[in-house]
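This report refers to the structure that appears directly beneath it.
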Amino acid sequence: MLTSEAIHPEQNRPGSDRIAGRRIGRIRRVERTEQEILVFGERANLAFRLAGEGILRVKLFFSAMPDWETTPAVLASPGVPMEAEVQETETGYDMQAGSFRLSLHKENSSLVVRDARGDRLLGEAEWSWERERITLTVRAEADSHYYGLGEKTGFFDKKGESYRMWNSDVYEPHVPDIDALYQSIPFLVHFRKGGRASGVFLDNPGKTTFDMRSRADAYSIAADSGAMDLYLVDGPGLKDVVSRYTDLTGRTAMPPRWALGYQQSRYSYMDQEEVLELARTFRSKGIPCDVIYLDIHYMDEYRVFTWDPERFPDPKAMTAELAEMGFRIVPIVDPGVKKDPNYAVYQEGVAEGYFCKKLEGDLFIGNVWPGPSAFTDYTDDRAAEWWGDLHRFYIDHGISGIWNDMNEPSVFNDTTKTMDLDVVHRNNGRPKTHGELHNLYGMLMSKATYEGMARGLGGERPFVLTRAGYAGIQRYAAVWTGDNRSYWEHLEMSIPMVLNLGLSGVAFAGADIGGFSHHSSGELLARWTQMGALFPFCRNHSAIDTSRQEPWRFGEQVEAICREYIRFRYRLMPYLYSLFYEASASGLPVLRPLLLEYPGDPLVTNLSDQFLVGEFLLAAPVCRPGVTARAVYLPEGVWYDHRTGERYAGGRHVLAEAPLESMPLFVKAGAIIPVKEAGGQFADEVGNGELTLEVYAGASGASRFRLFEDDGKTFAYREGAYRLLEFAWEESGEGATLTANSLHDELEDGGKPLQVVVKHMARKPASVELSGAAEDGEWTYDETKRELWLGLRKTGAFRMQLR
Ligand code: MIG
């Protein structure tokens, strides 16, 4: 609760448009070197350099030469040679840097950046500063829209909002006033009418602000400390921006298949017997599930890398029994290491100097669950490696997934709620204060965890889930959106949150299904599970002292709904898995805003309560109680109601029936969706079933989908052990063609059978021509369903021509 002191007249308000202090001033000279353009001004200087195809790095600097050091967010790239030209004009300088055109004003040093065609990407941009705080103000058209910025409250379009980047443990409230949550991804996507998109990434892990509120004709980006180190990311389209940004900061790690399964959590499943009983209940009820989480009670007085001997007397026997049922355990690991002279992890950390310290050499000790605790300094490679290797403890128990929580880091104190800002991180020989590196802490913890697990697992892909992160977190961990509540508003808000995480490079994300704190209801759980079953990360989690919310806690109807939708997720597994591969290869998110596929449609710029899964599935979740129908916006094209098969022409709103057992879901004509019909109680069981390729006829034109298959578990795909088949479906007046092109095929699984079904055929084809792997295939046509079925003995390249 806040008192009136919160609106103190002298409070320094974030987002206020400060009257600028100092500026660069007059430009004195411009120099170019092989890889950079250097601009020297009266009071500060600017440096430009290419950081990749379509990415311009712009750095404000005050010394003689710029420092090109980057944070770990940026993947090291060898210096990119830059084709550059500098021309002095009467009023300024016209410069070319790669594909970018820069115009710099001589008198006031304002900058405009355009693409090769003269389209404006940035500008006018002006730098100003006051003490440590540097602000960049960028003029933007009034019809601009803003996206990205990682995990933020509010609706999809960030226009009119202002956010801070400062990783914060916000137990409550997750409301629009909260401008900083657990993740900080200082990447802003600027989207203009007609679909022209570009991005600005500020690589500064200290406190920064993105203000799209204070001025209608400009946005501003400010850093409270550290460098104004910007990357301007060109499009032209939104997809290009996301793809280039993830070129720079890396792509979502390809998860093991089991991590795409349904996951069940609770703070906490209290003992071994409860965990086993839970697993047996899932199996006896036929509700697929892959993972059970262990929250903080599994540890011995909250000491990480230990088990409570009474609650979990034989954890190896437990994980072995779970493995037989097809379950994995993911235990929580917090950063706080209990200050206890008899605890090996603490002893070693102190002896080897792995923990965070003040400049004077004192350990930083903060209060968290274990009481007074030390915190590993992950900015130091030696310490990070030590931490990573400690995870052999879990690996020895058959564990290959880890849950990182409290890694903002959250510290129980009344002032900063985090580590003291004057802790000095070693940062591999370039010491910096915690205040300067705060937002990196969680990501570096997950990096150390991911890398340590990968070392220990000998070829198996690890899974890491994290609460805190910074740009680049996608390379190491999935992200869940922290302590939401069992509120309908939070169900709804999780959609734009996860959509913007996706545009910020984090494809593997989700919110606690059913809500973490407060008490869920059956109706809420049913609606949330329907939606959550399509989220990239799919976990039901709830807090201590709240109503239990496993799928069967609210009676048979709700249980049946949860079962159906969770099964539906497993049926979609090949589709989801292929979309994850796409995310890991190109950076495109799995859960997509409609804007990503329909950038020219003005009705989707702030559409926050619908989403696409990949290109072909459109979901419109029910976000309010008592609602049994809702308006759905269908963009251009032809759409089918997934449940009834009813056909709709897009480019308009429709009213969809949504009784409790049904979430409105539409499939685009032209869709190509691989599914597994066989059922199965966990992802790897489903993974071995026969594949069905669903094709939805009725489109004009062509569509494509790439099916990715590998062993589902190891890094062998990086050495080529995978199959990538590209399906293409094309319809014209005379008929239709389905082709499968083998882009890569080195998967030694003998080639499994494939069923193809073309749905919604206008008529029975007069002729069907088959070649390639389909040559000896059998086809049938179902008159009543208007479906064409084709059976292939082996998945492989083929062609089917219908006339
Ligand atoms: O503030 O470990 O967000 O998922 O169950 C409590 C206990 C600390 C916060 C996490 C939540 C987890 C809980 N943790």
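Each chain in the structure tokens gets a letter, A, B, ..., in the order shown, and its residues are numbered from 1; ligands are numbered from 1 in order too.
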Residue neighbourhood segment 402-411 of chain A, 9 Å, only C-alpha atoms, exclusion window fewer than 5 positions, as a VMD selection string: chain A and resid 166 to 169 182 to 183 293 to 295 329 to 336 366 to 368 375 391 394 416 to 419 438 to 443 445 to 446 449 to 450 453 462 to 469 482
Could you please take those selected residues and save N, CA and C atoms as a compact mmCIF listing (two decimals), in the first residue's frame?
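What landed in selection-v4.txt:
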# COMPACT_ATOMS: atom_id res chain seq x y z
N TRP A 166 14.36 -2.53 -15.42
CA TRP A 166 15.03 -2.76 -14.14
C TRP A 166 14.42 -4.02 -13.56
N ASN A 167 15.15 -5.13 -13.68
CA ASN A 167 14.58 -6.41 -13.28
C ASN A 167 14.08 -6.37 -11.85
N SER A 168 12.77 -6.62 -11.70
CA SER A 168 12.14 -6.45 -10.40
C SER A 168 11.25 -7.63 -10.06
N ASP A 169 11.32 -8.06 -8.82
CA ASP A 169 10.46 -9.11 -8.31
C ASP A 169 9.15 -8.45 -7.88
N TYR A 182 10.15 -8.67 -14.27
CA TYR A 182 11.34 -9.49 -14.02
C TYR A 182 12.37 -9.45 -15.15
N GLN A 183 11.86 -9.23 -16.37
CA GLN A 183 12.74 -9.27 -17.54
C GLN A 183 12.97 -7.85 -18.05
N TYR A 293 7.25 -30.05 -11.38
CA TYR A 293 8.22 -29.12 -10.79
C TYR A 293 8.36 -29.34 -9.29
N LEU A 294 9.58 -29.15 -8.82
CA LEU A 294 9.81 -29.13 -7.38
C LEU A 294 10.16 -27.71 -6.98
N ASP A 295 9.30 -27.13 -6.17
CA ASP A 295 9.55 -25.78 -5.68
C ASP A 295 10.41 -25.87 -4.41
N ILE A 329 11.51 -34.40 -13.81
CA ILE A 329 11.47 -33.47 -12.68
C ILE A 329 12.25 -32.23 -13.06
N VAL A 330 11.70 -31.05 -12.77
CA VAL A 330 12.46 -29.81 -12.91
C VAL A 330 12.47 -29.12 -11.55
N PRO A 331 13.63 -29.12 -10.88
CA PRO A 331 13.71 -28.48 -9.56
C PRO A 331 14.04 -27.00 -9.67
N ILE A 332 13.60 -26.25 -8.68
CA ILE A 332 13.91 -24.83 -8.63
C ILE A 332 15.34 -24.65 -8.10
N VAL A 333 16.06 -23.69 -8.67
CA VAL A 333 17.38 -23.32 -8.15
C VAL A 333 17.43 -21.80 -8.09
N ASP A 334 17.51 -21.27 -6.89
CA ASP A 334 17.60 -19.82 -6.68
C ASP A 334 19.08 -19.43 -6.57
N PRO A 335 19.39 -18.16 -6.77
CA PRO A 335 20.80 -17.78 -6.69
C PRO A 335 21.37 -17.69 -5.27
N GLY A 336 20.52 -17.48 -4.26
CA GLY A 336 21.03 -17.28 -2.90
C GLY A 336 21.62 -18.56 -2.32
N GLY A 366 22.71 -11.11 1.48
CA GLY A 366 21.33 -10.62 1.41
C GLY A 366 20.38 -11.67 1.94
N ASN A 367 19.24 -11.23 2.40
CA ASN A 367 18.25 -12.15 2.95
C ASN A 367 17.34 -12.70 1.87
N VAL A 368 17.29 -14.00 1.75
CA VAL A 368 16.28 -14.66 0.90
C VAL A 368 15.77 -15.88 1.64
N PHE A 375 25.73 -14.54 -2.98
CA PHE A 375 25.28 -14.62 -4.37
C PHE A 375 26.47 -14.76 -5.31
N HIS A 391 25.68 -28.36 -11.06
CA HIS A 391 24.43 -29.02 -11.48
C HIS A 391 24.58 -30.50 -11.77
N TYR A 394 22.24 -32.54 -9.82
CA TYR A 394 20.89 -32.86 -10.32
C TYR A 394 20.95 -33.89 -11.44
N THR A 416 16.17 -1.37 -1.79
CA THR A 416 16.41 -1.64 -3.21
C THR A 416 15.68 -2.87 -3.69
N LYS A 417 15.30 -3.78 -2.81
CA LYS A 417 14.66 -5.07 -3.15
C LYS A 417 15.59 -5.94 -4.00
N THR A 418 16.83 -5.52 -4.11
CA THR A 418 17.79 -6.33 -4.86
C THR A 418 19.14 -6.20 -4.16
N MET A 419 20.15 -6.68 -4.84
CA MET A 419 21.51 -6.62 -4.33
C MET A 419 21.93 -5.15 -4.17
N HIS A 438 22.90 -4.62 -13.30
CA HIS A 438 21.75 -5.29 -12.67
C HIS A 438 20.96 -6.22 -13.60
N ASN A 439 20.55 -5.71 -14.75
CA ASN A 439 19.65 -6.49 -15.60
C ASN A 439 20.29 -7.72 -16.24
N LEU A 440 21.61 -7.83 -16.09
CA LEU A 440 22.30 -9.00 -16.65
C LEU A 440 22.33 -10.19 -15.70
N TYR A 441 22.08 -9.92 -14.42
CA TYR A 441 22.33 -10.95 -13.42
C TYR A 441 21.57 -12.26 -13.70
N GLY A 442 20.28 -12.13 -13.94
CA GLY A 442 19.46 -13.32 -14.16
C GLY A 442 19.86 -14.09 -15.40
N MET A 443 20.15 -13.34 -16.46
CA MET A 443 20.54 -14.02 -17.69
C MET A 443 21.86 -14.77 -17.51
N MET A 445 23.02 -16.00 -14.82
CA MET A 445 22.77 -17.19 -14.00
C MET A 445 22.23 -18.32 -14.90
N SER A 446 21.28 -17.98 -15.76
CA SER A 446 20.71 -19.01 -16.63
C SER A 446 21.72 -19.49 -17.68
N THR A 449 23.86 -21.89 -15.93
CA THR A 449 23.10 -23.10 -15.70
C THR A 449 22.98 -23.93 -16.98
N TYR A 450 22.60 -23.25 -18.07
CA TYR A 450 22.43 -23.95 -19.34
C TYR A 450 23.75 -24.59 -19.78
N MET A 453 24.73 -27.49 -17.46
CA MET A 453 23.88 -28.65 -17.73
C MET A 453 24.29 -29.31 -19.05
N PRO A 462 19.68 -29.43 -22.63
CA PRO A 462 19.07 -29.09 -21.35
C PRO A 462 17.86 -28.20 -21.54
N PHE A 463 17.08 -28.10 -20.48
CA PHE A 463 15.97 -27.15 -20.45
C PHE A 463 16.17 -26.26 -19.22
N VAL A 464 16.12 -24.96 -19.42
CA VAL A 464 16.20 -24.02 -18.30
C VAL A 464 15.00 -23.08 -18.40
N LEU A 465 14.37 -22.85 -17.27
CA LEU A 465 13.28 -21.88 -17.19
C LEU A 465 13.75 -20.75 -16.29
N THR A 466 13.53 -19.52 -16.70
CA THR A 466 13.99 -18.41 -15.86
C THR A 466 12.92 -17.36 -15.66
N ARG A 467 13.03 -16.65 -14.53
CA ARG A 467 12.12 -15.54 -14.28
C ARG A 467 12.75 -14.24 -14.77
N ALA A 468 14.04 -14.05 -14.48
CA ALA A 468 14.69 -12.80 -14.89
C ALA A 468 15.51 -13.02 -16.16
N GLY A 469 15.71 -11.94 -16.90
CA GLY A 469 16.53 -12.05 -18.09
C GLY A 469 16.80 -10.70 -18.70
N GLY A 482 6.24 -14.89 -14.33
CA GLY A 482 6.30 -14.63 -12.90
C GLY A 482 4.96 -14.72 -12.19
Name all residues at most 9 Å from Gly456 of chain A (count only C-alpha atoms; drop same-chain ones fewer than 2 positions away) and give them as a PyMOL selection string. chain A and resi 388-389+391-392+395+451-454+458-460
Can I get the selected residues back with all heavy atoms, as a compact mmCIF listing (two decimals), in the first residue's frame?
# COMPACT_ATOMS: atom_id res chain seq x y z
N GLY A 388 27.79 -23.73 -12.88
CA GLY A 388 27.26 -24.65 -13.89
C GLY A 388 27.60 -26.09 -13.53
O GLY A 388 26.75 -26.98 -13.59
N ASP A 389 28.84 -26.30 -13.12
CA ASP A 389 29.26 -27.68 -12.81
C ASP A 389 28.60 -28.24 -11.56
O ASP A 389 28.48 -29.45 -11.42
CB ASP A 389 30.78 -27.74 -12.71
CG ASP A 389 31.44 -27.67 -14.09
OD1 ASP A 389 30.73 -27.98 -15.08
OD2 ASP A 389 32.62 -27.29 -14.19
N HIS A 391 25.68 -28.36 -11.06
CA HIS A 391 24.43 -29.02 -11.48
C HIS A 391 24.58 -30.50 -11.77
O HIS A 391 23.58 -31.18 -11.99
CB HIS A 391 23.82 -28.28 -12.67
CG HIS A 391 23.27 -26.95 -12.29
ND1 HIS A 391 24.08 -25.85 -12.09
CD2 HIS A 391 22.00 -26.54 -12.04
CE1 HIS A 391 23.32 -24.82 -11.74
NE2 HIS A 391 22.07 -25.21 -11.70
N ARG A 392 25.82 -31.00 -11.74
CA ARG A 392 25.98 -32.45 -11.85
C ARG A 392 25.21 -33.16 -10.74
O ARG A 392 24.78 -34.30 -10.89
CB ARG A 392 27.46 -32.83 -11.79
CG ARG A 392 28.12 -32.60 -13.12
CD ARG A 392 29.62 -32.75 -13.06
NE ARG A 392 30.20 -31.92 -14.10
CZ ARG A 392 30.45 -32.34 -15.32
NH1 ARG A 392 30.22 -33.58 -15.66
NH2 ARG A 392 30.95 -31.52 -16.21
N ILE A 395 21.94 -33.73 -12.30
CA ILE A 395 22.08 -34.67 -13.41
C ILE A 395 22.21 -36.10 -12.88
O ILE A 395 21.60 -37.03 -13.41
CB ILE A 395 23.28 -34.28 -14.31
CG1 ILE A 395 22.98 -32.93 -14.98
CG2 ILE A 395 23.58 -35.36 -15.34
CD1 ILE A 395 24.14 -32.32 -15.73
N GLU A 451 24.81 -23.82 -19.68
CA GLU A 451 26.10 -24.34 -20.15
C GLU A 451 26.62 -25.46 -19.25
O GLU A 451 27.16 -26.45 -19.74
CB GLU A 451 27.11 -23.19 -20.28
CG GLU A 451 26.73 -22.28 -21.46
CD GLU A 451 27.57 -21.02 -21.58
OE1 GLU A 451 28.33 -20.70 -20.63
OE2 GLU A 451 27.45 -20.33 -22.63
N GLY A 452 26.41 -25.30 -17.95
CA GLY A 452 26.82 -26.36 -17.03
C GLY A 452 26.02 -27.63 -17.26
O GLY A 452 26.57 -28.74 -17.27
N MET A 453 24.73 -27.49 -17.46
CA MET A 453 23.88 -28.65 -17.73
C MET A 453 24.29 -29.31 -19.05
O MET A 453 24.38 -30.53 -19.14
CB MET A 453 22.41 -28.24 -17.79
CG MET A 453 21.79 -27.82 -16.48
SD MET A 453 21.67 -29.16 -15.26
CE MET A 453 20.31 -30.12 -15.92
N ALA A 454 24.57 -28.49 -20.05
CA ALA A 454 24.96 -29.05 -21.35
C ALA A 454 26.28 -29.83 -21.20
O ALA A 454 26.42 -30.92 -21.76
CB ALA A 454 25.10 -27.94 -22.39
N GLY A 458 26.20 -34.50 -21.52
CA GLY A 458 26.86 -35.29 -22.56
C GLY A 458 26.05 -35.42 -23.83
O GLY A 458 25.75 -36.53 -24.26
N GLY A 459 25.63 -34.31 -24.40
CA GLY A 459 24.98 -34.38 -25.71
C GLY A 459 23.48 -34.16 -25.66
O GLY A 459 22.85 -33.87 -26.67
N GLU A 460 22.88 -34.32 -24.49
CA GLU A 460 21.44 -34.07 -24.36
C GLU A 460 21.18 -32.58 -24.26
O GLU A 460 21.97 -31.85 -23.64
CB GLU A 460 20.95 -34.73 -23.06
CG GLU A 460 19.72 -35.56 -23.21
CD GLU A 460 19.22 -36.00 -21.84
OE1 GLU A 460 19.74 -37.01 -21.31
OE2 GLU A 460 18.34 -35.32 -21.30
Shell of 9 Å around segment 485-494 of chain A, only C-alpha atoms, local chain residues under 6 positions omitted, as a short mmCIF file (atom, residue, chain, number, x, y, z; two decimals) with C-alpha atoms, in the first residue's frame:
data_model
loop_
_atom_site.label_atom_id
_atom_site.label_comp_id
_atom_site.auth_asym_id
_atom_site.auth_seq_id
_atom_site.Cartn_x
_atom_site.Cartn_y
_atom_site.Cartn_z
CA THR A 153 2.18 -5.04 -18.65
CA GLY A 154 -0.51 -3.46 -20.80
CA PHE A 155 -1.79 -4.09 -24.28
CA PHE A 156 0.05 -5.11 -27.41
CA GLU A 172 2.03 -7.71 -6.78
CA PRO A 173 0.48 -6.00 -8.50
CA HIS A 174 0.87 -6.80 -12.20
CA VAL A 175 -1.06 -3.76 -13.39
CA GLY A 510 4.31 -18.56 -21.18
CA ALA A 511 2.39 -17.53 -18.08
CA ASP A 512 1.36 -19.66 -15.11
CA ILE A 513 -1.81 -21.38 -16.29
CA GLY A 514 -4.63 -20.88 -13.80
CA GLY A 515 -2.77 -18.01 -12.18
CA PHE A 516 -0.09 -18.22 -9.47
CA SER A 517 -1.50 -16.43 -6.46
CA HIS A 518 -5.13 -15.80 -5.52
CA HIS A 519 -7.62 -18.65 -6.03
CA SER A 520 -8.54 -20.10 -9.36
CA SER A 521 -12.05 -21.19 -10.21
CA LEU A 524 -11.00 -19.73 -15.07
CA LEU A 525 -8.86 -22.86 -15.14
CA ARG A 527 -10.46 -21.05 -20.09
CA TRP A 528 -6.83 -20.62 -19.16
CA MET A 531 -5.49 -20.87 -24.19
CA SER A 542 -0.07 -22.07 -8.17
CA SER A 608 -4.36 -7.94 -27.88
CA ASP A 609 -6.84 -10.74 -27.27
CA PRO A 621 -9.50 -17.05 -26.06
CA VAL A 622 -12.38 -16.19 -23.80
CA CYS A 623 -11.11 -13.67 -21.27
CA ARG A 624 -14.18 -13.06 -19.10
CA PRO A 625 -16.38 -15.25 -16.94
#
Glu321 of chain A surroundings by only C-alpha atoms, 10 Å radius, close-in-sequence under 6 positions cut, as a PyMOL selection string: chain A and resi 276+279+315+327
Find the residues near segment 567-582 of chain A: any atom within 9 Å, counting only C-alpha atoms, skip ones fewer than 4 places away on the same chain, and give them as a PDB file with C-alpha atoms, in the first residue's frame.
ATOM      1  CA  THR A 252      15.809 -19.488 -28.968  1.00  0.00           C
ATOM      2  CA  ALA A 253      17.692 -22.629 -28.035  1.00  0.00           C
ATOM      3  CA  MET A 254      16.073 -25.708 -29.564  1.00  0.00           C
ATOM      4  CA  PRO A 255      14.382 -27.325 -26.559  1.00  0.00           C
ATOM      5  CA  ARG A 257      10.805 -32.280 -27.128  1.00  0.00           C
ATOM      6  CA  LEU A 260       7.061 -28.731 -25.127  1.00  0.00           C
ATOM      7  CA  GLY A 261       4.774 -31.008 -23.159  1.00  0.00           C
ATOM      8  CA  TYR A 262       2.286 -29.955 -20.520  1.00  0.00           C
ATOM      9  CA  ILE A 287      -4.181 -36.364 -19.029  1.00  0.00           C
ATOM     10  CA  PRO A 288      -0.854 -36.086 -20.831  1.00  0.00           C
ATOM     11  CA  ALA A 507       9.962 -17.523 -28.542  1.00  0.00           C
ATOM     12  CA  PHE A 508       9.770 -19.916 -25.596  1.00  0.00           C
ATOM     13  CA  ALA A 533      -2.380 -25.314 -24.355  1.00  0.00           C
ATOM     14  CA  LEU A 534      -1.342 -23.233 -27.363  1.00  0.00           C
ATOM     15  CA  PRO A 536       4.906 -22.031 -26.334  1.00  0.00           C
ATOM     16  CA  CYS A 562      -8.445 -29.596 -19.627  1.00  0.00           C
ATOM     17  CA  ARG A 563      -7.867 -33.154 -20.848  1.00  0.00           C
ATOM     18  CA  SER A 586      15.192 -17.666 -38.035  1.00  0.00           C
ATOM     19  CA  GLY A 587      14.086 -16.071 -34.767  1.00  0.00           C
ATOM     20  CA  LEU A 588      10.392 -15.893 -35.675  1.00  0.00           C
ATOM     21  CA  PRO A 589       8.164 -16.464 -32.671  1.00  0.00           C
ATOM     22  CA  VAL A 590       5.896 -19.485 -32.235  1.00  0.00           C
ATOM     23  CA  VAL A 613       0.203 -20.162 -33.586  1.00  0.00           C
ATOM     24  CA  GLY A 614       2.624 -20.183 -36.475  1.00  0.00           C
ATOM     25  CA  ILE A 673      -0.388 -28.802 -40.253  1.00  0.00           C
ATOM     26  CA  PRO A 674       1.448 -31.970 -39.276  1.00  0.00           C
ATOM     27  CA  VAL A 675      -0.191 -33.742 -36.327  1.00  0.00           C
ATOM     28  CA  LYS A 676       0.142 -36.986 -34.404  1.00  0.00           C
ATOM     29  CA  GLU A 677      -3.173 -38.759 -34.099  1.00  0.00           C
ATOM     30  CA  ALA A 678      -1.868 -41.630 -32.068  1.00  0.00           C
ATOM     31  CA  GLY A 679      -2.255 -40.094 -28.624  1.00  0.00           C
ATOM     32  CA  GLY A 680       0.329 -40.699 -25.944  1.00  0.00           C
ATOM     33  CA  GLN A 681       0.806 -39.526 -22.414  1.00  0.00           C
ATOM     34  CA  PHE A 682       4.095 -37.675 -22.835  1.00  0.00           C
ATOM     35  CA  ALA A 683       5.915 -35.957 -25.652  1.00  0.00           C
ATOM     36  CA  VAL A 686       3.690 -39.053 -28.974  1.00  0.00           C
ATOM     37  CA  GLY A 687       6.879 -38.371 -30.905  1.00  0.00           C
ATOM     38  CA  LEU A 691       2.364 -38.592 -38.660  1.00  0.00           C
ATOM     39  CA  PHE A 705       5.313 -25.414 -44.140  1.00  0.00           C
ATOM     40  CA  ARG A 706       8.607 -26.903 -43.056  1.00  0.00           C
ATOM     41  CA  LEU A 707       8.451 -30.064 -40.993  1.00  0.00           C
ATOM     42  CA  PHE A 708      11.441 -30.613 -38.742  1.00  0.00           C
ATOM     43  CA  GLU A 709      12.213 -33.991 -37.197  1.00  0.00           C
ATOM     44  CA  GLY A 712      13.924 -34.840 -30.002  1.00  0.00           C
TER      45      GLY A 712
END
Check the DSSP output for the backbone and give back, as an NGL selection string, the residues of segment 527-687 of chain A in strand (DSSP E). :A and (539-540 or 591-592 or 611-613 or 617-619 or 629-634 or 638-641 or 647-649 or 652-657 or 665-668 or 672-676)
Have a look at A:Arg799, A:His397, A:Lys285, A:Lys759 and name the one nearest to Glu564 of chain A; count only C-alpha atoms. A:Lys285
Would you give me, as a tab-separated table, each residue of segment 603-696 of chain A having an atom within 10 Å of an atom of segment 786-796 of chain A, along with its shortest atom pair and that distance in Å to one decimal, using only C-alpha atoms and sorting by chain and residue number?
residue	atom	partner	partner_atom	distance
A:Leu691	CA	A:Thr795	CA	8.8
A:Thr692	CA	A:Gly791	CA	9.2
A:Leu693	CA	A:Leu790	CA	9.7
A:Glu694	CA	A:Trp789	CA	9.7
A:Val695	CA	A:Leu788	CA	9.6
A:Tyr696	CA	A:Glu787	CA	9.6
Could the residues in this selection be written to a file with N, CA and C atoms, as an mmCIF file, in the first residue's frame?
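And here's result_28.cif as it stands now:
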data_model
loop_
_atom_site.group_PDB
_atom_site.id
_atom_site.type_symbol
_atom_site.label_atom_id
_atom_site.label_comp_id
_atom_site.auth_asym_id
_atom_site.auth_seq_id
_atom_site.Cartn_x
_atom_site.Cartn_y
_atom_site.Cartn_z
ATOM 1 N N LEU A 691 2.620 -39.998 -38.346
ATOM 2 C CA LEU A 691 2.364 -38.592 -38.660
ATOM 3 C C LEU A 691 1.200 -38.444 -39.645
ATOM 4 N N THR A 692 0.351 -37.456 -39.395
ATOM 5 C CA THR A 692 -0.697 -37.101 -40.355
ATOM 6 C C THR A 692 -0.485 -35.660 -40.785
ATOM 7 N N LEU A 693 -0.517 -35.444 -42.077
ATOM 8 C CA LEU A 693 -0.366 -34.080 -42.577
ATOM 9 C C LEU A 693 -1.742 -33.572 -42.971
ATOM 10 N N GLU A 694 -2.218 -32.564 -42.253
ATOM 11 C CA GLU A 694 -3.521 -31.981 -42.579
ATOM 12 C C GLU A 694 -3.337 -30.792 -43.505
ATOM 13 N N VAL A 695 -4.054 -30.836 -44.615
ATOM 14 C CA VAL A 695 -4.011 -29.712 -45.550
ATOM 15 C C VAL A 695 -5.430 -29.164 -45.655
ATOM 16 N N TYR A 696 -5.563 -27.857 -45.535
ATOM 17 C CA TYR A 696 -6.883 -27.219 -45.617
ATOM 18 C C TYR A 696 -7.029 -26.549 -46.967
#
Who sits within 9 Å of segment 730-740 of chain A, only C-alpha atoms, same chain under 3 positions skipped, as a ChimeraX atom specification: /A:670,695,697-704,725-727,765,796-803
